[in-house]
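Shown next: model-v7.cif, given as mmCIF, C-alpha atoms and all ligand atoms.
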```cif
data_final
loop_
_atom_site.label_atom_id
_atom_site.label_comp_id
_atom_site.auth_asym_id
_atom_site.auth_seq_id
_atom_site.Cartn_x
_atom_site.Cartn_y
_atom_site.Cartn_z
CA MET A 1 -0.96 16.65 21.75
CA THR A 2 -4.75 16.66 21.38
CA LEU A 3 -6.18 13.79 19.39
CA THR A 4 -9.10 14.07 16.99
CA PRO A 5 -12.24 12.07 17.93
CA GLU A 6 -11.26 9.54 15.22
CA LEU A 7 -7.81 8.99 16.76
CA LYS A 8 -9.24 8.91 20.31
CA ASN A 9 -11.56 6.14 19.17
CA LEU A 10 -8.62 4.25 17.69
CA VAL A 11 -6.50 4.67 20.82
CA ASP A 12 -9.39 3.29 22.83
CA ALA A 13 -9.76 0.34 20.43
CA LEU A 14 -6.04 -0.38 20.71
CA GLN A 15 -6.49 -1.07 24.41
CA HIS A 16 -8.95 -3.92 23.96
CA GLU A 17 -9.15 -5.08 20.33
CA LYS A 18 -6.83 -7.41 18.45
CA ILE A 19 -5.47 -5.27 15.63
CA ILE A 20 -3.12 -5.86 12.71
CA CYS A 21 -1.44 -2.87 11.14
CA LEU A 22 -1.26 -2.90 7.33
CA LEU A 23 1.69 -0.61 6.73
CA ALA A 24 2.06 1.12 3.36
CA PRO A 25 5.55 0.59 1.89
CA SER A 26 6.19 4.34 1.73
CA PHE A 27 6.68 4.15 5.52
CA ALA A 28 10.43 4.13 4.83
CA VAL A 29 10.20 7.83 3.94
CA ASP A 30 8.85 8.84 7.35
CA PHE A 31 9.98 6.18 9.80
CA THR A 32 13.09 4.21 10.62
CA TYR A 33 13.23 0.49 10.02
CA PRO A 34 13.04 -1.78 12.02
CA ASP A 35 12.17 0.60 14.92
CA ILE A 36 8.80 1.34 13.36
CA ILE A 37 7.67 -2.26 13.90
CA LEU A 38 8.25 -2.01 17.66
CA ASP A 39 6.88 1.54 17.84
CA ILE A 40 3.60 0.37 16.31
CA LYS A 41 3.42 -2.66 18.60
CA LYS A 42 4.03 -0.43 21.64
CA ILE A 43 0.77 1.45 21.02
CA GLY A 44 -1.16 -1.82 21.25
CA VAL A 45 -1.08 -3.28 17.74
CA GLU A 46 -0.45 -7.04 17.86
CA LYS A 47 0.87 -7.64 14.35
CA VAL A 48 2.46 -5.44 11.71
CA VAL A 49 2.51 -6.52 8.08
CA GLU A 50 3.71 -4.79 4.94
CA LEU A 51 1.51 -4.40 1.89
CA THR A 52 4.27 -5.75 -0.32
CA TYR A 53 2.88 -9.27 -0.32
CA ALA A 54 -0.46 -7.99 -1.63
CA ALA A 55 1.43 -6.01 -4.27
CA LYS A 56 3.10 -9.23 -5.40
CA LEU A 57 -0.30 -10.96 -5.72
CA ILE A 58 -1.62 -7.99 -7.65
CA ASN A 59 1.29 -8.09 -10.07
CA GLY A 60 0.55 -11.76 -10.75
CA GLU A 61 -3.09 -10.87 -11.48
CA TYR A 62 -2.08 -7.95 -13.73
CA GLU A 63 0.26 -10.23 -15.70
CA LYS A 64 -2.44 -12.89 -16.08
CA THR A 65 -5.10 -10.38 -17.14
CA LEU A 66 -2.84 -8.68 -19.68
CA LYS A 67 -1.79 -12.03 -21.11
CA GLU A 68 -5.27 -13.49 -21.37
CA ASN A 69 -6.80 -10.34 -22.89
CA PRO A 70 -4.33 -9.11 -25.51
CA ASP A 71 -6.93 -6.84 -27.15
CA LYS A 72 -7.90 -5.03 -23.97
CA ARG A 73 -6.44 -1.88 -22.43
CA TYR A 74 -6.29 -1.26 -18.69
CA ILE A 75 -5.97 1.46 -16.08
CA CYS A 76 -4.38 0.67 -12.72
CA PRO A 77 -6.78 1.50 -9.83
CA ASN A 78 -4.34 1.62 -6.91
CA CYS A 79 -4.80 5.37 -6.39
CA PRO A 80 -8.31 6.14 -5.05
CA THR A 81 -8.06 9.75 -6.23
CA ILE A 82 -7.67 8.50 -9.79
CA VAL A 83 -10.63 6.11 -9.48
CA LYS A 84 -12.73 9.01 -8.20
CA MET A 85 -11.51 11.29 -10.98
CA ILE A 86 -12.40 8.74 -13.67
CA GLY A 87 -15.90 8.41 -12.20
CA ILE A 88 -16.47 12.18 -12.31
CA LYS A 89 -14.46 13.40 -15.29
CA TYR A 90 -13.78 10.40 -17.54
CA PRO A 91 -16.71 7.96 -17.04
CA GLU A 92 -16.06 6.55 -20.53
CA LEU A 93 -12.82 5.08 -19.11
CA LYS A 94 -14.51 3.24 -16.23
CA GLU A 95 -14.57 0.02 -18.24
CA ASN A 96 -10.77 0.20 -18.60
CA ILE A 97 -10.18 0.06 -14.85
CA ILE A 98 -8.63 -3.34 -14.25
CA ASN A 99 -10.80 -5.44 -11.95
CA ILE A 100 -8.14 -6.02 -9.31
CA ALA A 101 -8.33 -4.32 -5.92
CA SER A 102 -5.58 -2.19 -4.37
CA PRO A 103 -2.78 -3.57 -2.12
CA MET A 104 -4.55 -2.29 1.02
CA VAL A 105 -7.77 -4.12 0.14
CA ILE A 106 -6.07 -7.35 -0.92
CA MET A 107 -3.91 -7.48 2.20
CA ASP A 108 -6.95 -6.83 4.39
CA ARG A 109 -8.81 -9.74 2.76
CA PHE A 110 -5.77 -11.98 2.97
CA VAL A 111 -5.05 -11.51 6.66
CA LYS A 112 -8.70 -11.67 7.70
CA SER A 113 -9.85 -14.61 5.64
CA GLU A 114 -7.23 -17.20 6.33
CA TYR A 115 -4.59 -16.36 8.83
CA TRP A 116 -5.89 -13.98 11.44
CA SER A 117 -9.66 -13.85 11.01
CA GLU A 118 -10.22 -12.72 14.60
CA TYR A 119 -8.28 -9.49 14.03
CA LYS A 120 -9.32 -6.02 12.97
CA THR A 121 -7.18 -4.08 10.55
CA LEU A 122 -5.56 -0.65 10.75
CA PHE A 123 -4.13 0.81 7.55
CA ALA A 124 -1.37 3.41 7.96
CA GLY A 125 -0.17 5.28 4.90
CA PRO A 126 0.52 8.65 3.29
CA CYS A 127 -2.95 9.19 1.86
CA LEU A 128 -6.14 10.84 3.06
CA MET A 129 -8.16 9.35 0.19
CA LYS A 130 -7.38 5.86 1.44
CA LYS A 131 -9.76 6.55 4.34
CA MET A 132 -12.61 6.68 1.83
CA GLU A 133 -11.44 3.47 0.14
CA ALA A 134 -11.02 1.80 3.56
CA LYS A 135 -14.62 2.59 4.45
CA GLU A 136 -15.86 1.20 1.14
CA TYR A 137 -13.96 -2.06 1.55
CA GLY A 138 -14.38 -2.74 5.27
CA ILE A 139 -10.88 -1.97 6.54
CA ASN A 140 -11.58 -1.19 10.19
CA TYR A 141 -9.31 1.83 10.71
CA ALA A 142 -7.27 3.98 8.34
CA ILE A 143 -4.86 6.72 9.37
CA THR A 144 -2.12 8.78 7.75
CA PHE A 145 1.54 8.63 8.76
CA LYS A 146 1.06 12.05 10.35
CA GLU A 147 -1.74 10.67 12.49
CA LEU A 148 0.35 7.64 13.39
CA GLN A 149 3.08 9.99 14.59
CA ASN A 150 0.44 11.95 16.56
CA ILE A 151 -0.52 8.75 18.35
CA PHE A 152 3.15 8.01 19.16
CA ASP A 153 3.50 11.54 20.56
CA TYR A 154 0.28 11.25 22.53
CA TYR A 155 1.45 8.04 24.23
CA LYS A 156 4.77 9.66 25.06
CA GLU A 157 3.31 12.88 26.43
CA ASN A 158 0.77 11.02 28.54
CA ASN A 159 3.19 8.32 29.74
CA ILE A 160 0.94 5.56 28.47
CA ALA A 161 2.72 2.30 29.14
CA PRO A 162 3.12 0.01 26.14
CA LYS A 163 1.04 -3.15 26.11
CA GLN A 164 2.99 -6.39 26.26
CA PHE A 165 3.84 -7.61 22.81
CA THR A 166 5.83 -10.16 20.89
CA TYR A 167 7.59 -9.71 17.59
CA SER A 168 9.08 -11.77 14.79
CA MET A 169 12.85 -11.83 14.55
CA ALA A 170 15.36 -12.39 11.79
CA GLU A 171 18.19 -14.86 12.37
CA ASP A 172 20.37 -12.07 13.76
CA GLY A 173 17.69 -11.01 16.27
CA THR A 174 16.56 -7.94 14.35
CA PRO A 175 12.82 -7.26 14.66
CA GLU A 176 10.99 -7.88 11.41
CA PHE A 177 7.52 -7.70 9.97
CA ASP A 178 5.05 -10.45 10.68
CA ASP A 179 4.32 -12.75 7.72
CA PHE A 180 4.06 -12.21 4.74
CA PHE A 181 6.03 -9.85 2.58
CA ASN A 182 7.90 -9.49 -0.68
CA THR A 183 11.03 -7.58 -1.59
CA SER A 184 10.64 -6.72 -5.27
CA THR A 185 7.42 -4.78 -4.68
CA LYS A 186 8.93 -2.52 -2.04
CA ILE A 187 9.23 0.03 -4.87
CA TYR A 188 5.43 0.16 -5.30
CA PRO A 189 5.12 3.64 -3.78
CA LEU A 190 7.41 5.10 -6.46
CA ALA A 191 6.32 6.28 -9.90
CA TRP A 192 7.17 3.37 -12.25
CA GLY A 193 7.20 1.08 -9.19
CA VAL A 194 4.32 -1.04 -10.47
CA ALA A 195 5.65 -1.20 -14.04
CA GLN A 196 9.18 -2.01 -12.91
CA SER A 197 8.11 -4.80 -10.61
CA LEU A 198 5.89 -6.48 -13.25
CA HIS A 199 7.19 -9.43 -15.24
CA THR A 200 6.32 -8.12 -18.68
CA LYS A 201 8.38 -10.41 -20.92
CA GLY A 202 6.18 -12.04 -23.55
CA ILE A 203 3.13 -10.20 -22.17
CA ILE A 204 3.44 -6.50 -22.88
CA ASP A 205 6.14 -4.27 -24.39
CA LYS A 206 7.57 -1.45 -22.32
CA ASP A 207 6.23 1.12 -24.81
CA GLN A 208 2.72 -0.19 -24.17
CA ILE A 209 2.91 1.01 -20.57
CA LEU A 210 2.27 4.66 -19.78
CA VAL A 211 3.15 6.03 -16.34
CA VAL A 212 1.81 9.47 -15.41
CA ASP A 213 2.18 11.18 -12.06
CA GLY A 214 1.36 14.51 -10.49
CA PRO A 215 -1.77 16.68 -10.61
CA LYS A 216 -0.57 18.79 -13.53
CA ASN A 217 -0.13 15.78 -15.82
CA LEU A 218 -3.32 13.83 -15.17
CA ASP A 219 -5.56 15.24 -17.92
CA ALA A 220 -2.82 14.93 -20.54
CA GLY A 221 -2.23 11.35 -19.36
CA PHE A 222 -5.87 10.39 -19.79
CA GLN A 223 -5.97 12.03 -23.23
CA GLU A 224 -2.83 10.17 -24.27
CA PHE A 225 -4.39 6.89 -23.15
CA LYS A 226 -7.55 7.67 -25.11
CA ASN A 227 -5.72 8.65 -28.29
CA ASN A 228 -2.80 6.22 -28.37
CA LYS A 229 -4.30 2.75 -28.76
CA ASN A 230 -0.85 1.17 -28.51
CA ILE A 231 -0.93 1.82 -24.76
CA ARG A 232 -2.32 -1.21 -22.94
CA PHE A 233 -1.58 -0.31 -19.34
CA LEU A 234 -1.92 3.12 -17.77
CA ASP A 235 -0.43 3.53 -14.31
CA ILE A 236 -1.60 6.98 -13.30
CA LEU A 237 -0.94 8.56 -9.94
CA ALA A 238 -2.47 11.68 -8.45
CA CYS A 239 0.62 12.78 -6.53
CA GLU A 240 3.98 13.70 -7.98
CA TRP A 241 6.20 10.63 -7.77
CA TRP A 242 3.18 8.80 -6.46
CA CYS A 243 2.70 8.10 -2.75
CA ILE A 244 6.11 9.36 -1.63
CA GLY A 245 4.91 12.77 -2.86
CA GLY A 246 1.57 12.50 -1.06
CA PRO A 247 0.51 15.53 1.01
CA TRP A 248 0.26 13.45 4.18
CA ILE A 249 3.87 12.29 4.11
CA ILE A 250 5.62 13.93 7.08
CA CYS A 251 9.05 14.20 5.42
CA LYS A 252 9.83 17.58 3.88
CA GLU A 253 12.96 16.47 2.05
CA SER A 254 13.18 16.49 -1.74
CA LEU A 255 11.44 13.81 -3.78
CA ASP A 256 14.86 12.42 -4.74
CA ALA A 257 15.79 12.07 -1.06
CA ARG A 258 12.49 10.32 -0.35
CA LYS A 259 12.95 7.98 -3.31
CA LYS A 260 16.41 7.11 -2.00
CA LYS A 261 14.95 6.13 1.37
CA VAL A 262 12.57 3.65 -0.29
CA LEU A 263 15.35 2.18 -2.44
CA ASP A 264 17.73 1.99 0.55
CA TYR A 265 15.11 0.09 2.49
CA LYS A 266 14.69 -2.33 -0.41
CA GLU A 267 18.46 -2.93 -0.46
CA TYR A 268 18.52 -3.40 3.30
CA SER A 269 15.76 -6.01 3.01
CA LYS A 270 17.54 -7.87 0.23
CA LYS A 271 20.61 -8.30 2.41
CA HIS A 272 18.60 -9.10 5.50
CA LYS A 273 18.23 -12.85 6.00
CA ASP A 274 14.52 -13.09 6.51
CA ALA A 275 13.67 -15.19 3.46
CA SER A 276 11.61 -17.69 5.46
CA LYS A 277 8.92 -15.06 5.76
CA VAL A 278 8.67 -14.26 2.07
CA GLY A 279 5.11 -14.69 0.85
CA LYS A 280 4.51 -17.18 -1.92
CA ILE A 281 1.61 -16.88 -4.36
CA LYS A 282 0.44 -20.38 -3.43
CA TYR A 283 -0.49 -19.15 0.07
CA SER A 284 -3.36 -17.21 -1.40
CA GLU A 285 -4.48 -18.77 -4.66
CA TRP A 286 -8.01 -18.91 -3.29
CA LEU A 287 -8.22 -15.17 -2.59
CA ASP A 288 -10.81 -12.96 -4.29
CA THR A 289 -8.77 -10.14 -5.82
CA SER A 290 -11.65 -8.35 -7.55
CA ARG A 291 -12.62 -4.75 -6.89
CA SER A 292 -16.09 -5.72 -5.65
CA PRO A 293 -16.52 -4.86 -1.97
CA GLN A 294 -17.29 -8.06 -0.05
CA HIS A 295 -19.48 -6.75 2.72
S1 LIG A 301 -0.69 8.88 -5.28
FE1 LIG A 301 -1.35 10.31 -3.71
S2 LIG A 301 -3.61 10.24 -3.76
FE2 LIG A 301 -2.87 8.44 -4.88
S3 LIG A 301 -2.78 6.78 -3.35
FE3 LIG A 301 -0.74 7.72 -3.36
S4 LIG A 301 -0.82 9.32 -1.75
FE4 LIG A 301 -2.95 8.73 -2.24
#
```

In structure tokens, write the structure found in this file.
Ligand code: SF4
Amino acid sequence: MTLTPELKNLVDALQHEKIICLLAPSFAVDFTYPDIILDIKKIGVEKVVELTYAAKLINGEYEKTLKENPDKRYICPNCPTIVKMIGIKYPELKENIINIASPMVIMDRFVKSEYWSEYKTLFAGPCLMKKMEAKEYGINYAITFKELQNIFDYYKENNIAPKQFTYSMAEDGTPEFDDFFNTSTKIYPLAWGVAQSLHTKGIIDKDQILVVDGPKNLDAGFQEFKNNKNIRFLDILACEWWCIGGPWIICKESLDARKKKVLDYKEYSKKHKDASKVGKIKYSEWLDTSRSPQH
């Protein structure tokens, strides 16, 4: 296994920097839980957190924004490909992009500003475009799941001994993510995941939400949003079935099989007694959730 210069640089950093991994919730498609937590720690990462807590904060902000601005219409900016596409092809829709950053950005701000300010962050997910977003928002390292697997393979092939590490444990001794996380937003990487995890009652009707996914449907989705003024929230995703259909997912199984893996993981987590680690909104009421880069 030969590593790219970018991955060599990361492997070097892992030997002497304090790093937190921000793991995208679609990890369940490519890796086994809870083994993935230990596998990531073995390469030198000190803490591993899910993005699900940030997704929960984001949902709260979406609900508040939709409620306080009943005459406004919004586009969800979680997919960087979509944000780019709007800038190039639909600049007239820029003002509809809701001013709330993506889960990766929010989680990065959260862990750095209050809890673990001395750490650097490593995002791992299914998306190449997230590297661009990571650079814009000051996330220190961003790799795809494929690249994460390459690093695992590299360590194995070169007999690199794991650094000493500690890990959080559930009551039954099972390794678990470091604080903080949320269960309901574990479906975020699925099409309809955002809409289904929002509390919409009294805020927005279901028929005011439009979900569009996959490259073939994007233009029609934007046109529908422009023409149908009843739609107040457009969740539009560049990949089919959103991130589980991303080109940098390793898994070659059908989209249905991938979706099942995410839902199975959510069920597993619901049964798992790790409630003490669930993130509450009050832990981060002070956090800047806007899309403005802070550096
Ligand atoms: S939908 Fe595709 S392009 Fe958009 S964030 Fe997910 S993996 Fe990346």

Query raised in the report: Which distance in Å separates atom CA of Lys120 of chain A and atom CA of Val262 of chain A, to one decimal?
Result: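 For atom CA of Lys120 of chain A relative to atom CA of Val262 of chain A, the distance reads 27.4 Å.
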
Query raised in the report: What lies within 10 Å of Tyr137 of chain A using all atoms listed in the file, ignoring chain neighbours under 5 positions off, as a list in words?
Result: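 What passes the distance filter is Ala101, Met104, Val105, Ile106, Asp108, Arg109, Lys131, Met132, Arg291, Ser292, Pro293, Gln294 and His295 of chain A.
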
**Report entry** Pick from A:His199, A:Lys84, A:Lys186, A:Lys261, whichever lies nearest to ligand LIG 301 (chain A) using only C-alpha atoms and all ligand atoms
**Finding:**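 That would be A:Lys84, the residue with the smallest distance to ligand LIG 301 (chain A).
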
Residues of segment 5-114 of chain A at most 8 Å from segment 224-238 of chain A: nearest atom pair and distance in Å, only C-alpha atoms, as a tab-separated table:
```
residue	atom	partner	partner_atom	distance
A:Lys72	CA	A:Arg232	CA	6.8
A:Arg73	CA	A:Arg232	CA	4.2
A:Tyr74	CA	A:Phe233	CA	4.8
A:Ile75	CA	A:Leu234	CA	4.7
A:Cys76	CA	A:Asp235	CA	5.1
A:Cys79	CA	A:Leu237	CA	6.1
A:Thr81	CA	A:Ala238	CA	6.3
A:Ile82	CA	A:Ala238	CA	6.2
```

Within 7 Å of Glu50 of chain A, counting only C-alpha atoms, which residues qualify if same-chain residues fewer than 5 places away don't, as an mmCIF file with C-alpha atoms, in the coordinates of the input?
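And here's result.cif as it stands now:
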```
data_model
loop_
_atom_site.group_PDB
_atom_site.id
_atom_site.type_symbol
_atom_site.label_atom_id
_atom_site.label_comp_id
_atom_site.auth_asym_id
_atom_site.auth_seq_id
_atom_site.Cartn_x
_atom_site.Cartn_y
_atom_site.Cartn_z
ATOM 1 C CA LEU A 22 -1.260 -2.900 7.330
ATOM 2 C CA LEU A 23 1.690 -0.610 6.730
ATOM 3 C CA ALA A 24 2.060 1.120 3.360
ATOM 4 C CA PRO A 25 5.550 0.590 1.890
ATOM 5 C CA PHE A 177 7.520 -7.700 9.970
ATOM 6 C CA PHE A 181 6.030 -9.850 2.580
#
```

Query raised in the report: From the set A:Lys42, A:Asn78, A:Asn96, A:Ile19, which residue has the shortest atom-to-atom contact distance to Glu118 of chain A, counting only C-alpha atoms?
Result: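 Under the stated criterion, the closest residue is A:Ile19.
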
Report task. Using all atoms listed in the file, determine which residues lie at most 10 Å from Arg258 of chain A, disregarding the query and same-chain residues fewer than 6 positions distant; provide the list as a ChimeraX atom specification. Result -> /A:26,28-30,190,241,244-245,249,251-252,264

Query - Nearest-residue call for ligand LIG 301 (chain A), choices A:Lys201, A:Lys260, A:Lys206, A:Lys130, using only C-alpha atoms and all ligand atoms - result: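 Using only C-alpha atoms and all ligand atoms, ligand LIG 301 (chain A) sits closest to A:Lys130.
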
Query raised in the report: With distances taken over only C-alpha atoms and all ligand atoms, which of A:Met129, A:Ala13, A:Leu287, A:Leu210 is nearest to ligand LIG 301 (chain A)?
Result: A:Met129

Quick one: residues within 10 Å of Thr166 of chain A, all atoms listed in the file counted, chain neighbours fewer than 3 positions away excluded, as a PDB file with C-alpha atoms, in the frame of the given file?
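This is the output file result_1.pdb:
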```pdb
ATOM      1  CA  LEU A  38       8.250  -2.010  17.660  1.00  0.00           C
ATOM      2  CA  LYS A  41       3.420  -2.660  18.600  1.00  0.00           C
ATOM      3  CA  LYS A  42       4.030  -0.430  21.640  1.00  0.00           C
ATOM      4  CA  GLU A  46      -0.450  -7.040  17.860  1.00  0.00           C
ATOM      5  CA  LYS A  47       0.870  -7.640  14.350  1.00  0.00           C
ATOM      6  CA  LYS A 163       1.040  -3.150  26.110  1.00  0.00           C
ATOM      7  CA  MET A 169      12.850 -11.830  14.550  1.00  0.00           C
ATOM      8  CA  PRO A 175      12.820  -7.260  14.660  1.00  0.00           C
TER       9      PRO A 175
END
```

Query raised in the report: So which one's closest to ligand LIG 301 (chain A), A:Pro5, A:Gly221, A:Gly44, A:Pro215? Using only C-alpha atoms and all ligand atoms, please.
Result: A:Pro215
